[in-house]
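Engineer: For reference, this is work39.cif, and it has mmCIF, C-alpha atoms.
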```
data_work
#
loop_
_atom_site.label_atom_id
_atom_site.label_comp_id
_atom_site.auth_asym_id
_atom_site.auth_seq_id
_atom_site.Cartn_x
_atom_site.Cartn_y
_atom_site.Cartn_z
CA MET A 13 68.76 4.84 -19.32
CA PHE A 14 72.35 4.21 -20.32
CA ASN A 15 73.93 4.11 -16.88
CA HIS A 16 71.69 3.47 -13.89
CA PRO A 17 70.95 0.61 -11.48
CA ARG A 18 67.72 -1.25 -12.01
CA LEU A 19 65.91 -4.20 -10.56
CA LEU A 20 66.40 -7.65 -11.97
CA PRO A 21 63.41 -8.92 -13.96
CA LEU A 22 60.93 -10.44 -11.54
CA SER A 23 60.91 -13.71 -13.50
CA ALA A 24 64.64 -13.96 -12.75
CA LEU A 25 64.27 -13.00 -9.10
CA LEU A 26 61.66 -15.72 -8.57
CA LEU A 27 64.29 -18.35 -9.38
CA PHE A 28 66.14 -17.49 -6.19
CA ILE A 29 65.46 -19.07 -2.82
CA PRO A 30 62.01 -17.87 -1.70
CA SER A 31 61.80 -15.80 1.45
CA LEU A 32 60.23 -18.70 3.35
CA VAL A 33 63.88 -19.29 4.24
CA LEU A 34 63.86 -16.04 6.20
CA ALA A 35 60.76 -17.10 8.05
CA GLN A 36 62.67 -20.06 9.43
CA GLU A 37 65.04 -17.64 11.16
CA ASN A 38 62.38 -15.98 13.35
CA VAL A 39 61.93 -12.88 11.19
CA VAL A 40 58.75 -11.03 12.16
CA ASP A 41 56.20 -11.56 9.38
CA GLU A 42 53.02 -9.80 8.34
CA ILE A 43 50.63 -9.50 5.43
CA VAL A 44 51.70 -6.50 3.32
CA ALA A 45 49.34 -6.88 0.34
CA ILE A 46 46.27 -8.74 -0.87
CA VAL A 47 45.73 -9.14 -4.62
CA GLY A 48 42.52 -10.51 -6.11
CA GLU A 49 40.31 -12.79 -4.10
CA ASN A 50 42.88 -14.80 -2.20
CA LYS A 51 46.50 -13.95 -3.06
CA ILE A 52 48.32 -12.86 0.09
CA ILE A 53 51.81 -11.33 -0.13
CA LEU A 54 53.91 -11.58 3.02
CA ARG A 55 56.57 -9.19 4.22
CA SER A 56 59.06 -12.07 4.28
CA GLU A 57 58.51 -12.62 0.54
CA ILE A 58 59.56 -9.05 -0.23
CA ASP A 59 62.46 -9.20 2.23
CA GLY A 60 63.73 -12.36 0.54
CA LEU A 61 63.50 -10.91 -2.97
CA LEU A 62 65.11 -7.64 -1.86
CA LEU A 63 67.99 -9.51 -0.25
CA ASN A 64 68.76 -11.06 -3.62
CA ILE A 65 68.44 -7.70 -5.41
CA THR A 66 70.88 -5.93 -3.10
CA GLN A 67 73.36 -8.79 -3.26
CA GLN A 68 73.15 -9.24 -7.04
CA GLN A 69 73.37 -5.54 -7.91
CA GLN A 70 75.47 -4.46 -4.91
CA ILE A 71 73.13 -1.64 -3.98
CA GLN A 72 71.94 -0.35 -0.62
CA TYR A 73 68.60 -1.18 0.97
CA SER A 74 65.98 1.56 1.11
CA ASP A 75 62.27 1.67 1.90
CA GLU A 76 61.66 2.96 -1.61
CA LEU A 77 63.46 -0.05 -3.10
CA TRP A 78 61.49 -2.37 -0.80
CA TYR A 79 58.24 -0.79 -1.98
CA GLN A 80 59.30 -0.99 -5.62
CA THR A 81 59.97 -4.71 -5.16
CA LEU A 82 56.51 -5.16 -3.64
CA GLN A 83 54.93 -3.35 -6.58
CA GLN A 84 56.69 -5.68 -9.00
CA LEU A 85 55.29 -8.69 -7.18
CA VAL A 86 51.82 -7.12 -7.18
CA ASP A 87 52.13 -6.53 -10.93
CA GLN A 88 53.01 -10.20 -11.37
CA GLU A 89 49.91 -11.27 -9.46
CA VAL A 90 47.70 -8.83 -11.41
CA LEU A 91 48.94 -10.33 -14.68
CA ALA A 92 48.36 -13.86 -13.35
CA GLU A 93 44.82 -12.95 -12.29
CA HIS A 94 43.95 -11.61 -15.74
CA ALA A 95 45.62 -14.61 -17.40
CA ARG A 96 43.36 -16.96 -15.41
CA ARG A 97 40.35 -15.13 -16.85
CA ASP A 98 41.66 -15.49 -20.42
CA THR A 99 40.44 -18.79 -21.84
CA ASN A 100 43.02 -18.60 -24.66
CA ILE A 101 45.89 -19.08 -22.21
CA VAL A 102 46.62 -22.67 -21.19
CA ILE A 103 49.47 -23.81 -18.97
CA THR A 104 50.07 -27.58 -18.95
CA GLU A 105 51.22 -29.63 -15.99
CA ASP A 106 54.36 -30.53 -17.95
CA GLN A 107 55.23 -26.83 -18.20
CA VAL A 108 54.69 -26.41 -14.48
CA ASP A 109 56.80 -29.49 -13.70
CA GLN A 110 59.63 -28.28 -15.94
CA SER A 111 59.70 -24.86 -14.23
CA LEU A 112 59.51 -26.53 -10.83
CA ASP A 113 62.51 -28.69 -11.69
CA GLN A 114 64.44 -25.59 -12.71
CA ARG A 115 63.44 -23.72 -9.55
CA ILE A 116 64.29 -26.60 -7.23
CA GLY A 117 67.57 -27.20 -9.09
CA ILE A 118 68.71 -23.60 -8.57
CA MET A 119 67.73 -23.68 -4.91
CA VAL A 120 69.67 -26.92 -4.40
CA GLN A 121 72.67 -25.46 -6.21
CA GLN A 122 72.59 -22.36 -4.00
CA LEU A 123 72.41 -24.38 -0.80
CA GLY A 124 74.66 -27.26 -1.84
CA SER A 125 72.30 -30.22 -1.49
CA GLU A 126 68.69 -31.34 -1.32
CA SER A 127 69.12 -32.30 2.32
CA ARG A 128 70.20 -28.74 3.19
CA LEU A 129 67.15 -27.36 1.36
CA GLU A 130 64.86 -29.74 3.23
CA GLU A 131 66.54 -28.80 6.52
CA ILE A 132 65.97 -25.07 5.96
CA TYR A 133 62.35 -25.51 4.86
CA GLY A 134 61.54 -28.16 7.42
CA GLN A 135 59.84 -30.05 4.58
CA SER A 136 60.60 -32.80 2.10
CA ILE A 137 61.34 -31.97 -1.54
CA VAL A 138 57.89 -33.33 -2.43
CA GLN A 139 56.22 -30.95 0.03
CA ILE A 140 58.31 -28.00 -1.18
CA ARG A 141 57.26 -28.75 -4.77
CA ASP A 142 53.61 -28.84 -3.71
CA ASP A 143 53.95 -25.49 -1.94
CA LEU A 144 55.59 -23.86 -4.98
CA ARG A 145 53.29 -25.33 -7.63
CA ASP A 146 50.60 -22.62 -7.53
CA GLU A 147 53.22 -19.86 -7.49
CA ILE A 148 54.99 -21.37 -10.50
CA ARG A 149 51.71 -21.76 -12.39
CA GLY A 150 50.87 -18.12 -11.66
CA ARG A 151 54.24 -16.95 -12.94
CA LEU A 152 53.87 -18.95 -16.16
CA LEU A 153 50.38 -17.53 -16.70
CA ALA A 154 51.67 -13.99 -16.14
CA ASP A 155 54.64 -14.51 -18.45
CA GLN A 156 52.42 -15.80 -21.26
CA PHE A 157 49.90 -13.00 -20.77
CA ARG A 158 52.70 -10.41 -20.86
CA SER A 159 54.24 -12.02 -23.94
CA MET A 160 50.92 -11.84 -25.82
CA LYS A 161 50.82 -8.09 -25.21
CA LEU A 162 54.42 -7.28 -26.11
CA ARG A 163 55.45 -9.78 -28.78
CA ASN A 164 54.22 -7.65 -31.70
CA LEU A 165 55.48 -4.34 -30.31
CA LYS A 166 57.95 -2.72 -32.70
CA VAL A 167 60.00 0.45 -32.71
CA THR A 168 60.30 2.54 -35.88
CA PRO A 169 63.48 4.28 -37.08
CA THR A 170 61.85 7.63 -36.28
CA GLU A 171 61.06 6.49 -32.72
CA ILE A 172 64.63 5.24 -32.28
CA ARG A 173 66.11 8.58 -33.33
CA GLU A 174 63.65 10.60 -31.26
CA TRP A 175 64.31 8.49 -28.18
CA PHE A 176 68.07 8.79 -28.59
CA ALA A 177 67.92 12.54 -29.27
CA GLN A 178 66.57 13.25 -25.78
CA PHE A 179 69.96 12.50 -24.19
CA PRO A 180 72.53 15.34 -24.11
CA THR A 181 75.65 14.36 -26.03
CA ASP A 182 77.98 14.90 -23.08
CA SER A 183 75.89 12.49 -20.97
CA LEU A 184 76.27 9.60 -23.39
CA PRO A 185 78.69 6.82 -22.45
CA VAL A 186 82.02 6.24 -24.19
CA LEU A 187 82.18 2.71 -25.57
CA PRO A 188 85.40 0.67 -25.85
CA PRO A 189 86.45 -0.81 -29.22
CA ILE A 190 83.80 -2.97 -30.90
CA VAL A 191 84.27 -5.78 -33.42
CA ARG A 192 82.03 -8.06 -35.44
CA VAL A 193 83.71 -11.41 -36.12
CA SER A 194 83.22 -14.96 -37.33
CA HIS A 195 85.58 -17.90 -36.90
CA ILE A 196 86.36 -21.47 -37.88
CA VAL A 197 87.60 -23.69 -35.04
CA LYS A 198 89.78 -26.77 -34.93
CA TYR A 199 90.78 -28.54 -31.73
CA PRO A 200 94.39 -29.65 -31.22
CA GLU A 201 95.07 -33.36 -30.85
CA ILE A 202 95.47 -34.31 -27.20
CA LEU A 203 98.73 -36.18 -26.63
CA PRO A 204 98.20 -39.86 -25.70
CA GLU A 205 100.30 -39.48 -22.55
CA ALA A 206 97.99 -36.70 -21.24
CA ARG A 207 94.95 -38.92 -21.75
CA GLU A 208 96.72 -41.92 -20.20
CA GLU A 209 97.77 -39.92 -17.17
CA ALA A 210 94.20 -38.81 -16.44
CA LEU A 211 92.96 -42.40 -16.87
CA GLU A 212 95.65 -43.72 -14.52
CA ILE A 213 94.68 -41.23 -11.84
CA VAL A 214 90.96 -41.97 -12.01
CA THR A 215 91.68 -45.74 -12.06
CA ALA A 216 93.82 -45.42 -8.94
CA ILE A 217 91.02 -43.48 -7.23
CA ARG A 218 88.54 -46.21 -8.15
CA ASP A 219 90.86 -48.90 -6.79
CA SER A 220 91.13 -47.02 -3.50
CA ILE A 221 87.33 -46.91 -3.22
CA THR A 222 86.70 -50.56 -4.19
CA THR A 223 89.32 -51.80 -1.70
CA GLU A 224 87.61 -49.65 0.96
CA ARG A 225 90.72 -47.63 1.71
CA SER A 226 88.57 -44.56 1.07
CA THR A 227 85.04 -43.55 0.09
CA LEU A 228 83.93 -41.95 -3.15
CA GLU A 229 82.92 -38.84 -1.19
CA GLU A 230 86.37 -38.49 0.38
CA MET A 231 88.15 -38.96 -2.95
CA ALA A 232 85.83 -36.46 -4.67
CA ARG A 233 86.59 -33.82 -2.06
CA ARG A 234 90.33 -34.42 -2.36
CA TYR A 235 90.80 -34.99 -6.08
CA SER A 236 87.72 -34.26 -8.21
CA GLU A 237 88.19 -31.40 -10.65
CA ASP A 238 84.46 -30.76 -10.98
CA THR A 239 84.27 -27.55 -8.96
CA GLY A 240 80.48 -27.71 -8.91
CA SER A 241 80.34 -30.92 -6.87
CA ALA A 242 83.74 -31.63 -5.28
CA GLN A 243 82.95 -29.89 -1.99
CA ASN A 244 79.72 -31.92 -1.76
CA GLY A 245 81.53 -35.22 -2.17
CA GLY A 246 80.87 -35.29 -5.91
CA ARG A 247 77.10 -35.43 -5.47
CA TYR A 248 74.35 -34.07 -7.72
CA GLU A 249 70.71 -34.54 -6.76
CA SER A 250 67.58 -34.57 -8.97
CA MET A 251 69.40 -34.25 -12.30
CA GLN A 252 67.54 -34.90 -15.55
CA LEU A 253 69.35 -37.38 -17.79
CA GLY A 254 68.62 -35.09 -20.71
CA ASP A 255 70.65 -32.33 -19.06
CA LEU A 256 73.80 -34.48 -18.95
CA VAL A 257 76.27 -34.91 -21.81
CA PRO A 258 75.46 -38.11 -23.78
CA GLU A 259 78.53 -40.06 -22.62
CA PHE A 260 77.68 -39.39 -18.97
CA ALA A 261 73.94 -39.91 -19.39
CA ALA A 262 74.50 -43.31 -21.03
CA ILE A 263 76.33 -44.63 -17.96
CA ALA A 264 73.97 -42.95 -15.47
CA ALA A 265 70.94 -44.48 -17.25
CA ARG A 266 72.10 -48.10 -17.18
CA ILE A 267 74.37 -48.61 -14.17
CA THR A 268 72.82 -50.41 -11.18
CA PRO A 269 72.19 -47.99 -8.28
CA GLY A 270 74.95 -48.36 -5.70
CA GLU A 271 77.42 -49.79 -8.21
CA LEU A 272 80.67 -47.94 -8.98
CA SER A 273 81.26 -47.58 -12.71
CA GLN A 274 84.43 -48.34 -14.59
CA PRO A 275 86.36 -45.22 -15.68
CA PHE A 276 84.80 -43.58 -18.73
CA GLN A 277 85.47 -40.48 -20.77
CA SER A 278 83.28 -37.46 -21.51
CA PRO A 279 84.14 -34.10 -23.09
CA PHE A 280 85.16 -32.95 -19.61
CA GLY A 281 87.67 -35.73 -18.88
CA PHE A 282 87.59 -39.12 -17.15
CA HIS A 283 84.96 -40.05 -14.56
CA ILE A 284 83.92 -42.72 -12.16
CA LEU A 285 80.25 -42.65 -11.25
CA ARG A 286 77.86 -44.10 -8.69
CA VAL A 287 74.11 -43.67 -9.10
CA ASN A 288 72.59 -43.23 -5.65
CA GLN A 289 68.98 -43.27 -6.86
CA ARG A 290 67.21 -43.24 -10.21
CA VAL A 291 63.50 -42.55 -10.71
CA GLY A 292 62.52 -42.45 -14.36
CA ASP A 293 64.82 -39.92 -16.03
CA VAL A 294 65.80 -38.24 -12.76
CA VAL A 295 69.05 -39.37 -11.13
CA ASP A 296 70.87 -38.69 -7.89
CA PHE A 297 74.55 -39.51 -8.40
CA SER A 298 78.06 -38.96 -7.11
CA HIS A 299 81.17 -38.87 -9.28
CA VAL A 300 84.84 -37.99 -9.51
CA LEU A 301 86.21 -36.08 -12.49
CA ILE A 302 89.84 -35.93 -13.54
CA ASN A 303 90.50 -33.46 -16.34
CA ILE A 304 92.77 -34.23 -19.27
CA ASP A 305 95.62 -31.72 -19.42
CA ARG A 306 94.68 -30.12 -22.73
CA SER A 307 97.79 -27.96 -22.72
CA ARG A 308 99.66 -31.18 -23.53
CA SER A 309 98.47 -31.35 -27.12
CA ASP A 310 99.77 -31.25 -30.65
CA PRO A 311 98.19 -28.44 -32.71
CA SER A 312 100.06 -29.24 -35.92
CA ASN A 313 97.16 -31.05 -37.66
CA ALA A 314 94.66 -28.39 -36.56
CA ILE A 315 96.90 -25.62 -37.91
CA LYS A 316 97.45 -27.48 -41.18
CA GLU A 317 93.71 -28.01 -41.70
CA LEU A 318 92.96 -24.36 -40.98
CA GLU A 319 95.61 -23.18 -43.45
CA ILE A 320 94.04 -25.38 -46.14
CA ILE A 321 90.61 -23.96 -45.35
CA ARG A 322 91.96 -20.40 -45.50
CA ASP A 323 93.63 -21.01 -48.85
CA SER A 324 90.44 -22.52 -50.25
CA ILE A 325 88.39 -19.50 -49.19
CA LEU A 326 90.86 -17.03 -50.68
CA THR A 327 91.70 -18.97 -53.85
CA TYR A 328 88.25 -20.13 -54.86
CA ASP A 329 86.23 -17.30 -53.26
CA ILE A 330 84.23 -19.75 -51.13
CA PRO A 331 82.00 -17.99 -48.57
CA PHE A 332 83.54 -18.04 -45.09
CA GLU A 333 80.12 -18.91 -43.62
CA LEU A 334 79.86 -22.03 -45.78
CA MET A 335 83.32 -23.28 -44.73
CA ALA A 336 82.51 -22.58 -41.07
CA SER A 337 79.30 -24.59 -41.31
CA ARG A 338 81.13 -27.50 -42.93
CA HIS A 339 84.44 -27.58 -41.09
CA SER A 340 84.33 -25.72 -37.75
CA GLU A 341 84.42 -28.03 -34.74
CA GLU A 342 82.72 -25.57 -32.37
CA ASP A 343 79.05 -26.56 -32.62
CA ALA A 344 77.50 -23.34 -31.31
CA SER A 345 79.11 -21.07 -33.91
CA SER A 346 79.31 -23.51 -36.83
CA GLU A 347 75.51 -23.83 -36.83
CA ILE A 348 75.25 -20.09 -37.63
CA GLY A 349 78.07 -19.87 -40.15
CA GLY A 350 80.81 -19.21 -37.63
CA ARG A 351 79.26 -15.98 -36.35
CA ILE A 352 80.19 -14.91 -32.81
CA VAL A 353 77.23 -13.51 -30.88
CA ASP A 354 76.52 -12.43 -27.32
CA PRO A 355 74.90 -15.59 -25.84
CA ASN A 356 72.41 -13.49 -23.84
CA SER A 357 71.30 -10.81 -26.29
CA GLY A 358 72.28 -12.25 -29.68
CA GLU A 359 74.17 -9.01 -30.36
CA ARG A 360 76.82 -9.34 -33.08
CA ASP A 361 78.80 -6.16 -32.32
CA LEU A 362 80.92 -7.14 -29.33
CA PHE A 363 83.37 -5.31 -27.09
CA VAL A 364 86.75 -6.70 -28.06
CA ASP A 365 88.06 -6.49 -24.48
CA ALA A 366 85.21 -8.74 -23.34
CA LEU A 367 86.19 -11.36 -25.92
CA GLY A 368 89.60 -11.73 -24.30
CA ALA A 369 93.29 -11.17 -24.96
CA ASP A 370 93.53 -13.88 -27.65
CA TRP A 371 90.81 -12.26 -29.73
CA LYS A 372 92.25 -8.78 -29.24
CA ALA A 373 95.71 -9.88 -30.34
CA THR A 374 94.27 -11.36 -33.53
CA THR A 375 91.78 -8.63 -34.46
CA ASP A 376 94.40 -5.91 -33.85
CA THR A 377 96.36 -7.29 -36.82
CA LEU A 378 93.41 -7.39 -39.24
CA GLU A 379 91.67 -4.94 -41.49
CA VAL A 380 87.93 -5.28 -42.09
CA GLY A 381 87.32 -8.15 -44.53
CA GLU A 382 90.61 -9.92 -43.80
CA ILE A 383 90.96 -13.50 -42.56
CA SER A 384 93.63 -14.26 -39.99
CA HIS A 385 96.15 -17.07 -40.13
CA PRO A 386 95.55 -19.83 -37.55
CA SER A 387 95.92 -18.58 -33.99
CA GLU A 388 95.37 -20.04 -30.54
CA VAL A 389 92.25 -19.09 -28.61
CA THR A 390 90.54 -19.88 -25.33
CA LEU A 391 86.86 -20.48 -26.07
CA LEU A 392 83.98 -19.42 -23.83
CA ASP A 393 83.91 -22.83 -22.14
CA GLY A 394 87.62 -22.55 -21.32
CA THR A 395 88.72 -25.01 -24.01
CA LEU A 396 91.97 -24.30 -25.86
CA ALA A 397 91.61 -24.36 -29.64
CA TRP A 398 92.96 -22.88 -32.87
CA HIS A 399 90.88 -20.78 -35.25
CA LEU A 400 90.67 -18.58 -38.30
CA VAL A 401 89.07 -15.19 -37.67
CA LEU A 402 87.15 -13.11 -40.21
CA LEU A 403 86.96 -9.46 -39.14
CA GLN A 404 83.70 -8.06 -40.48
CA ARG A 405 83.49 -4.77 -38.58
CA LYS A 406 85.73 -2.70 -36.32
CA VAL A 407 84.78 0.47 -34.43
CA PRO A 408 87.40 2.21 -32.26
CA THR A 409 86.74 3.74 -28.83
CA HIS A 410 83.91 6.25 -29.29
CA ARG A 411 80.97 8.00 -27.71
CA ILE A 412 77.82 6.02 -28.50
CA ASN A 413 76.06 7.42 -31.57
CA ILE A 414 73.27 6.53 -33.94
CA GLU A 415 75.53 5.90 -36.94
CA THR A 416 77.92 3.33 -35.44
CA ASP A 417 75.70 1.80 -32.74
CA TYR A 418 72.25 1.71 -34.35
CA SER A 419 71.40 -1.89 -33.41
CA ARG A 420 72.47 -1.37 -29.80
CA ILE A 421 70.40 1.83 -29.56
CA GLU A 422 67.46 0.10 -31.26
CA THR A 423 67.51 -2.59 -28.56
CA LEU A 424 67.52 0.04 -25.80
CA ALA A 425 64.76 2.06 -27.44
CA LEU A 426 62.58 -1.04 -27.84
CA GLU A 427 63.20 -2.01 -24.22
CA ASN A 428 62.17 1.48 -23.13
CA LYS A 429 59.01 1.37 -25.28
CA ARG A 430 58.06 -2.02 -23.87
CA THR A 431 58.57 -0.76 -20.33
CA GLU A 432 56.36 2.30 -20.92
CA GLU A 433 53.69 0.28 -22.70
CA MET A 434 53.74 -2.33 -19.96
CA ARG A 435 53.35 0.32 -17.28
CA ARG A 436 50.35 1.93 -19.01
CA TRP A 437 48.76 -1.49 -19.54
CA LEU A 438 49.34 -2.58 -15.95
CA ASP A 439 47.76 0.62 -14.64
CA LEU A 440 44.61 -0.30 -16.56
CA LEU A 441 44.73 -3.95 -15.47
CA ARG A 442 45.14 -2.94 -11.82
CA GLU A 443 41.82 -1.09 -11.94
CA GLU A 444 40.05 -4.41 -12.54
CA VAL A 445 41.71 -6.33 -9.69
CA PHE A 446 41.27 -5.81 -5.95
CA ILE A 447 44.52 -4.62 -4.34
CA GLU A 448 44.97 -3.71 -0.67
CA PHE A 449 48.22 -2.68 1.05
CA ARG A 450 48.70 -3.40 4.73
CA GLY A 451 51.33 -3.11 7.46
CA LYS A 452 54.74 -1.94 6.32
CA ALA A 453 53.50 -1.49 2.75
CA SER A 454 50.74 0.96 3.73
CA ARG A 455 53.14 2.91 5.97
CA ILE A 456 55.73 3.30 3.17
CA HIS A 457 52.95 4.10 0.68
CA ALA A 458 51.77 6.95 2.90
CA LEU A 459 55.31 8.20 3.46
CA LEU A 460 56.18 8.21 -0.25
CA GLY A 461 52.91 9.97 -0.98
CA ASP A 462 53.73 12.74 1.50
CA ILE A 463 57.23 13.16 0.02
CA THR A 464 55.78 13.43 -3.49
CA ALA A 465 53.19 15.98 -2.36
CA ASN A 466 55.80 18.14 -0.60
CA ASN A 467 58.03 18.14 -3.69
#
```
Could you write out this structure as structure tokens?

Structural biologist:
Amino acid sequence: MFNHPRLLPLSALLLFIPSLVLAQENVVDEIVAIVGENKIILRSEIDGLLLNITQQQQIQYSDELWYQTLQQLVDQEVLAEHARRDTNIVITEDQVDQSLDQRIGIMVQQLGSESRLEEIYGQSIVQIRDDLRDEIRGRLLADQFRSMKLRNLKVTPTEIREWFAQFPTDSLPVLPPIVRVSHIVKYPEILPEAREEALEIVTAIRDSITTERSTLEEMARRYSEDTGSAQNGGRYESMQLGDLVPEFAAIAARITPGELSQPFQSPFGFHILRVNQRVGDVVDFSHVLINIDRSRSDPSNAIKELEIIRDSILTYDIPFELMASRHSEEDASSEIGGRIVDPNSGERDLFVDALGADWKATTDTLEVGEISHPSEVTLLDGTLAWHLVLLQRKVPTHRINIETDYSRIETLALENKRTEEMRRWLDLLREEVFIEFRGKASRIHALLGDITANN
């Protein structure tokens, strides 16, 4: 449970390029399962999902892993079938469209462009969306049905301790140092010459395009510092305006398609932008980004402000969380009182090595309850800043145990309980849905059954 490879959640796998891509490359296909009245699962679907599993987790292919992947997809279809029968579950077309946009967006990002996606599928984006719509609706139904079953599932302290006690002590992993921290952030003032230099560069690039000495695509490939689009000539397709930062969205919403914008600034730097097509709130655009050299900055005001904040906290006993909410310039942490959390799990106890060298250098000098003096830090988005750090907990390198790692163990125990409960529930649900294995699936099923019987 603590140290073993496992499959990605099926809901995550289904965001990858479907295995219809493999079918375009003359892979032999066959029906491997039928679920319910009319849901057919193809061998190419499993092959496509398994390709992503092996690449993501760097594990070797096996027939057992292939079969396990098939069973996950069957489980998904069983859940969807029961969800369709439940009149309390409603999936709106807006929900389907939103998930479709996300799915198409990831596929485009993987392949580099909409045109490449259309080339591989041999269909237009509109046709691809139509083909995926029923699958997306089924996944949303299954997810909601699953959520209804598991959302109220809890794990008691007794269950947590009993679950943890089953592991021999010498098999438990050794964890690196852990800290619990909060911080207050101030950004250094960018020097005018750094800003002017970036503006001069992007203006020169625009002049080269408007005088037809070069194209926007050529200049993006050569100079744009947006790594996500430079190799594609600065192009993004089917982007929602709401997904863009406000400064960028404002220009993309009002500029005439085909027109090249004047240079403008966003939190990322200076841009020039051309909207290729705009339909409602969906835009296809190309741009060039020139970053501002943030290392050319003056931190003196940021440091001074942080020292004043620190003195106020210590002198007047003002709660650190209150000062973080009022004065920190990092939105994500200031909204929760400066607390630093794992963005995926919400966990507050973090491995100090994962936070980075800046954090380690600061927390190494603090005792629990102390507030650091201003120090430089590289934030998660790569931005350089200065901050005050409050060290709230520190645990040295240790073997995982119930006293120091209770919340982490609680999360694992709850995950295990959900998995077991889900498996028992799915076994019951499967009895009420027609399932038939064919082809490769039936051959592997028979083989695995013989192996189990012989053991």

Engineer: Translate the PyMOL selection byres ((chain A and resi 277-288) around 10) into a concrete residue list for this structure, as a PDB file with C-alpha atoms, in the frame of the given file.

Structural biologist:
```pdb
ATOM      1  CA  ARG A 207      94.950 -38.920 -21.750  1.00  0.00           C
ATOM      2  CA  ALA A 210      94.200 -38.810 -16.440  1.00  0.00           C
ATOM      3  CA  LEU A 211      92.960 -42.400 -16.870  1.00  0.00           C
ATOM      4  CA  GLU A 212      95.650 -43.720 -14.520  1.00  0.00           C
ATOM      5  CA  ILE A 213      94.680 -41.230 -11.840  1.00  0.00           C
ATOM      6  CA  VAL A 214      90.960 -41.970 -12.010  1.00  0.00           C
ATOM      7  CA  THR A 215      91.680 -45.740 -12.060  1.00  0.00           C
ATOM      8  CA  ILE A 217      91.020 -43.480  -7.230  1.00  0.00           C
ATOM      9  CA  ARG A 218      88.540 -46.210  -8.150  1.00  0.00           C
ATOM     10  CA  LEU A 228      83.930 -41.950  -3.150  1.00  0.00           C
ATOM     11  CA  ALA A 232      85.830 -36.460  -4.670  1.00  0.00           C
ATOM     12  CA  SER A 236      87.720 -34.260  -8.210  1.00  0.00           C
ATOM     13  CA  GLU A 237      88.190 -31.400 -10.650  1.00  0.00           C
ATOM     14  CA  ASP A 238      84.460 -30.760 -10.980  1.00  0.00           C
ATOM     15  CA  GLY A 246      80.870 -35.290  -5.910  1.00  0.00           C
ATOM     16  CA  ARG A 247      77.100 -35.430  -5.470  1.00  0.00           C
ATOM     17  CA  TYR A 248      74.350 -34.070  -7.720  1.00  0.00           C
ATOM     18  CA  GLU A 249      70.710 -34.540  -6.760  1.00  0.00           C
ATOM     19  CA  VAL A 257      76.270 -34.910 -21.810  1.00  0.00           C
ATOM     20  CA  PRO A 258      75.460 -38.110 -23.780  1.00  0.00           C
ATOM     21  CA  GLU A 259      78.530 -40.060 -22.620  1.00  0.00           C
ATOM     22  CA  PHE A 260      77.680 -39.390 -18.970  1.00  0.00           C
ATOM     23  CA  ALA A 261      73.940 -39.910 -19.390  1.00  0.00           C
ATOM     24  CA  ILE A 263      76.330 -44.630 -17.960  1.00  0.00           C
ATOM     25  CA  ALA A 264      73.970 -42.950 -15.470  1.00  0.00           C
ATOM     26  CA  ALA A 265      70.940 -44.480 -17.250  1.00  0.00           C
ATOM     27  CA  ARG A 266      72.100 -48.100 -17.180  1.00  0.00           C
ATOM     28  CA  ILE A 267      74.370 -48.610 -14.170  1.00  0.00           C
ATOM     29  CA  THR A 268      72.820 -50.410 -11.180  1.00  0.00           C
ATOM     30  CA  PRO A 269      72.190 -47.990  -8.280  1.00  0.00           C
ATOM     31  CA  GLY A 270      74.950 -48.360  -5.700  1.00  0.00           C
ATOM     32  CA  GLU A 271      77.420 -49.790  -8.210  1.00  0.00           C
ATOM     33  CA  LEU A 272      80.670 -47.940  -8.980  1.00  0.00           C
ATOM     34  CA  SER A 273      81.260 -47.580 -12.710  1.00  0.00           C
ATOM     35  CA  GLN A 274      84.430 -48.340 -14.590  1.00  0.00           C
ATOM     36  CA  PRO A 275      86.360 -45.220 -15.680  1.00  0.00           C
ATOM     37  CA  PHE A 276      84.800 -43.580 -18.730  1.00  0.00           C
ATOM     38  CA  GLN A 289      68.980 -43.270  -6.860  1.00  0.00           C
ATOM     39  CA  ARG A 290      67.210 -43.240 -10.210  1.00  0.00           C
ATOM     40  CA  VAL A 295      69.050 -39.370 -11.130  1.00  0.00           C
ATOM     41  CA  ASP A 296      70.870 -38.690  -7.890  1.00  0.00           C
ATOM     42  CA  PHE A 297      74.550 -39.510  -8.400  1.00  0.00           C
ATOM     43  CA  SER A 298      78.060 -38.960  -7.110  1.00  0.00           C
ATOM     44  CA  HIS A 299      81.170 -38.870  -9.280  1.00  0.00           C
ATOM     45  CA  VAL A 300      84.840 -37.990  -9.510  1.00  0.00           C
ATOM     46  CA  LEU A 301      86.210 -36.080 -12.490  1.00  0.00           C
ATOM     47  CA  ILE A 302      89.840 -35.930 -13.540  1.00  0.00           C
ATOM     48  CA  ASN A 303      90.500 -33.460 -16.340  1.00  0.00           C
ATOM     49  CA  ILE A 304      92.770 -34.230 -19.270  1.00  0.00           C
ATOM     50  CA  ASP A 305      95.620 -31.720 -19.420  1.00  0.00           C
ATOM     51  CA  ARG A 306      94.680 -30.120 -22.730  1.00  0.00           C
ATOM     52  CA  THR A 395      88.720 -25.010 -24.010  1.00  0.00           C
TER      53      THR A 395
END
```

Engineer: Return as a PyMOL selection string the set of residues that the PyMOL selection byres ((chain A and resi 376-378) around 10) yields on the displayed structure.

Structural biologist: chain A and resi 364+371-375+379-384+401-404+406

Engineer: Between A:Glu174, A:Glu205, A:Glu93, A:Asp142, which is the closest to A:Asp155 once you count only C-alpha atoms?

Structural biologist: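 Under the stated criterion, the closest residue is A:Glu93.
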